[in-house]
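Have a look at the structure below before the remarks.
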Amino acid sequence: MSYLKIRIDDNFSAALKKKLERAGPRAAHAVAVQIQKDTDPFVPASQEKSLATRTQVVENKVVYPGPYARYLYNGKVMVFKDQPYKIVRPDGKVVLTHFGHKKFPTEKPLKISKAVNPKATDHWLEASKAQNLEKWIRAAGKAVEHEFGE
């Protein structure tokens, strides 16, 4: 299964990365938890908030389950480029499927509903980062202080 993984030590500012390197894995995990919390309002959501409820923080990564998350994040309609193939079930019914085939992005943008999350957008991490980066740097500083008792 593919996932959308966002590593906080690769995708952020030099100041945040420096603080996290100094603090170590527990501090990086704490900041990743904060990033997930702050980013949730930007994540497209159905009434069930399926994507948000299945998102996990693993070490210093926020992991959105995919491939659905990857499609949403890229913000483009995805299509199969190949023809479906036929499967004949034991009951004789013919089913068309693309199982195991890869989808490819088009130039057509997705229509992202804002009914559940009014701030929902594709590339939700960038939107959250634009609003919350200073907060995350402060959270990293507090995590460093906590780790080193400063």
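So you can find residues: chains in the structure tokens are A, B, ... in the order shown, residues in each start at 1, and ligands are numbered from 1 in order.
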
Please identify the strand (DSSP E or B) residues within chain A (assignment by DSSP from backbone atoms) and present them as JSON, numbers by chain.
{"A": [3, 4, 5, 6, 7, 56, 57, 58, 61, 62, 63, 64, 65, 76, 77, 78, 79, 80, 85, 86, 87, 88, 94, 95, 96, 97, 103, 104, 105, 106, 107, 108, 109]}

With C-alpha atoms kept, could you save the residues just selected as a PDB file, in the first residue's frame?
ATOM      1  CA  TYR A   3       1.240   6.268   1.732  1.00  0.00           C
ATOM      2  CA  LEU A   4       1.841   9.980   1.780  1.00  0.00           C
ATOM      3  CA  LYS A   5       4.663  10.425   4.279  1.00  0.00           C
ATOM      4  CA  ILE A   6       5.774  13.839   5.402  1.00  0.00           C
ATOM      5  CA  ARG A   7       9.083  13.811   7.237  1.00  0.00           C
ATOM      6  CA  GLN A  56      -0.718   8.485  12.155  1.00  0.00           C
ATOM      7  CA  VAL A  57       2.428  10.005  13.542  1.00  0.00           C
ATOM      8  CA  VAL A  58       5.274   7.516  13.236  1.00  0.00           C
ATOM      9  CA  LYS A  61       6.662  11.490  10.145  1.00  0.00           C
ATOM     10  CA  VAL A  62       3.005  12.332   9.676  1.00  0.00           C
ATOM     11  CA  VAL A  63       1.636   9.428   7.618  1.00  0.00           C
ATOM     12  CA  TYR A  64      -1.560   9.880   5.635  1.00  0.00           C
ATOM     13  CA  PRO A  65      -2.922   6.530   4.365  1.00  0.00           C
ATOM     14  CA  LYS A  76      -5.440  16.526  -9.693  1.00  0.00           C
ATOM     15  CA  VAL A  77      -8.057  14.167 -11.068  1.00  0.00           C
ATOM     16  CA  MET A  78      -6.454  10.746 -11.497  1.00  0.00           C
ATOM     17  CA  VAL A  79      -7.310   8.354 -14.332  1.00  0.00           C
ATOM     18  CA  PHE A  80      -6.288   4.951 -15.610  1.00  0.00           C
ATOM     19  CA  TYR A  85      -9.510  -6.016 -18.174  1.00  0.00           C
ATOM     20  CA  LYS A  86     -12.279  -8.541 -17.794  1.00  0.00           C
ATOM     21  CA  ILE A  87     -12.623 -11.010 -14.972  1.00  0.00           C
ATOM     22  CA  VAL A  88     -15.164 -13.785 -15.250  1.00  0.00           C
ATOM     23  CA  VAL A  94     -18.114 -10.510 -16.228  1.00  0.00           C
ATOM     24  CA  VAL A  95     -16.536  -7.722 -14.202  1.00  0.00           C
ATOM     25  CA  LEU A  96     -14.312  -4.954 -15.567  1.00  0.00           C
ATOM     26  CA  THR A  97     -11.436  -3.989 -13.298  1.00  0.00           C
ATOM     27  CA  LYS A 103      -3.594   5.849 -11.920  1.00  0.00           C
ATOM     28  CA  PHE A 104      -1.998   8.914 -13.462  1.00  0.00           C
ATOM     29  CA  PRO A 105      -2.734  12.611 -12.840  1.00  0.00           C
ATOM     30  CA  THR A 106      -4.499  14.764 -15.396  1.00  0.00           C
ATOM     31  CA  GLU A 107      -4.309  18.540 -15.607  1.00  0.00           C
ATOM     32  CA  LYS A 108      -7.880  18.805 -14.287  1.00  0.00           C
ATOM     33  CA  PRO A 109      -7.976  20.063 -10.678  1.00  0.00           C
TER      34      PRO A 109
END

Enumerate, as a ChimeraX atom specification, the complete set of residues in range 39-79 of chain A that a backbone-based DSSP assignment places in alpha helix (DSSP H).
/A:39,50-54,68-74

Selected residue, from A:Ala143, A:Leu72, A:Leu125, A:Val116, that lies nearest to Gln47 in chain A when counting only C-alpha atoms:
A:Val116

Kindly indicate which residue among A:Gln34, A:Ser13, A:Ser46, A:Asn74 lies nearest to Trp124 in chain A, using only C-alpha atoms for the distances.
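Under the stated criterion, the closest residue is A:Asn74.
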
Dump as a Markdown table the rows for residues of range 52-146 of chain A within 10 Å of range 39-45 of chain A: closest atom pair and distance in Å with one decimal, only C-alpha atoms counted, ordered by chain and rising residue number.
| residue | atom | partner | partner_atom | distance |
| --- | --- | --- | --- | --- |
| A:Ala52 | CA | A:Asp40 | CA | 6.6 |
| A:Thr53 | CA | A:Asp40 | CA | 9.7 |
| A:Thr55 | CA | A:Asp40 | CA | 9.5 |
| A:Tyr64 | CA | A:Val43 | CA | 10.0 |
| A:Ala69 | CA | A:Pro44 | CA | 9.2 |
| A:Leu72 | CA | A:Pro44 | CA | 7.5 |
| A:Tyr73 | CA | A:Val43 | CA | 8.5 |
| A:Ile112 | CA | A:Pro44 | CA | 6.6 |
| A:Ser113 | CA | A:Pro44 | CA | 6.9 |
| A:Lys114 | CA | A:Pro44 | CA | 7.3 |
| A:Ala115 | CA | A:Ala45 | CA | 8.3 |
| A:Val116 | CA | A:Ala45 | CA | 6.0 |
| A:Asn117 | CA | A:Pro41 | CA | 5.6 |
| A:Pro118 | CA | A:Pro41 | CA | 7.5 |
| A:Lys119 | CA | A:Phe42 | CA | 5.0 |
| A:Ala120 | CA | A:Phe42 | CA | 4.1 |
| A:Thr121 | CA | A:Phe42 | CA | 5.8 |
| A:Asp122 | CA | A:Pro44 | CA | 7.5 |
| A:His123 | CA | A:Val43 | CA | 8.6 |
| A:Trp124 | CA | A:Phe42 | CA | 5.2 |
| A:Leu125 | CA | A:Thr39 | CA | 6.4 |
| A:Glu126 | CA | A:Thr39 | CA | 9.1 |
| A:Ala127 | CA | A:Phe42 | CA | 7.1 |
| A:Ser128 | CA | A:Thr39 | CA | 5.2 |
| A:Lys129 | CA | A:Thr39 | CA | 8.0 |
| A:Gln131 | CA | A:Thr39 | CA | 9.5 |
| A:Asn132 | CA | A:Thr39 | CA | 8.6 |

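Counting only C-alpha atoms, the residue from A:Glu147, A:Asp38, A:Asp82, A:Asp91 that sits nearest to Glu134 in chain A is A:Asp38.
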
Counting only C-alpha atoms, the residue of A:Tyr71, A:Pro90, A:Gly66, A:Glu59 that sits nearest Ala27 in chain A
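Nearest candidate to Ala27 in chain A out of A:Tyr71, A:Pro90, A:Gly66, A:Glu59: A:Glu59.
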
What gap, in Å, lies between CA of Lys102 in chain A and CA of Gln36 in chain A?
28.0 Å

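With distances restricted to only C-alpha atoms, A:Val31 is the closest residue to Gly141 in chain A from A:His101, A:Val31, A:Asn60, A:Ala14.
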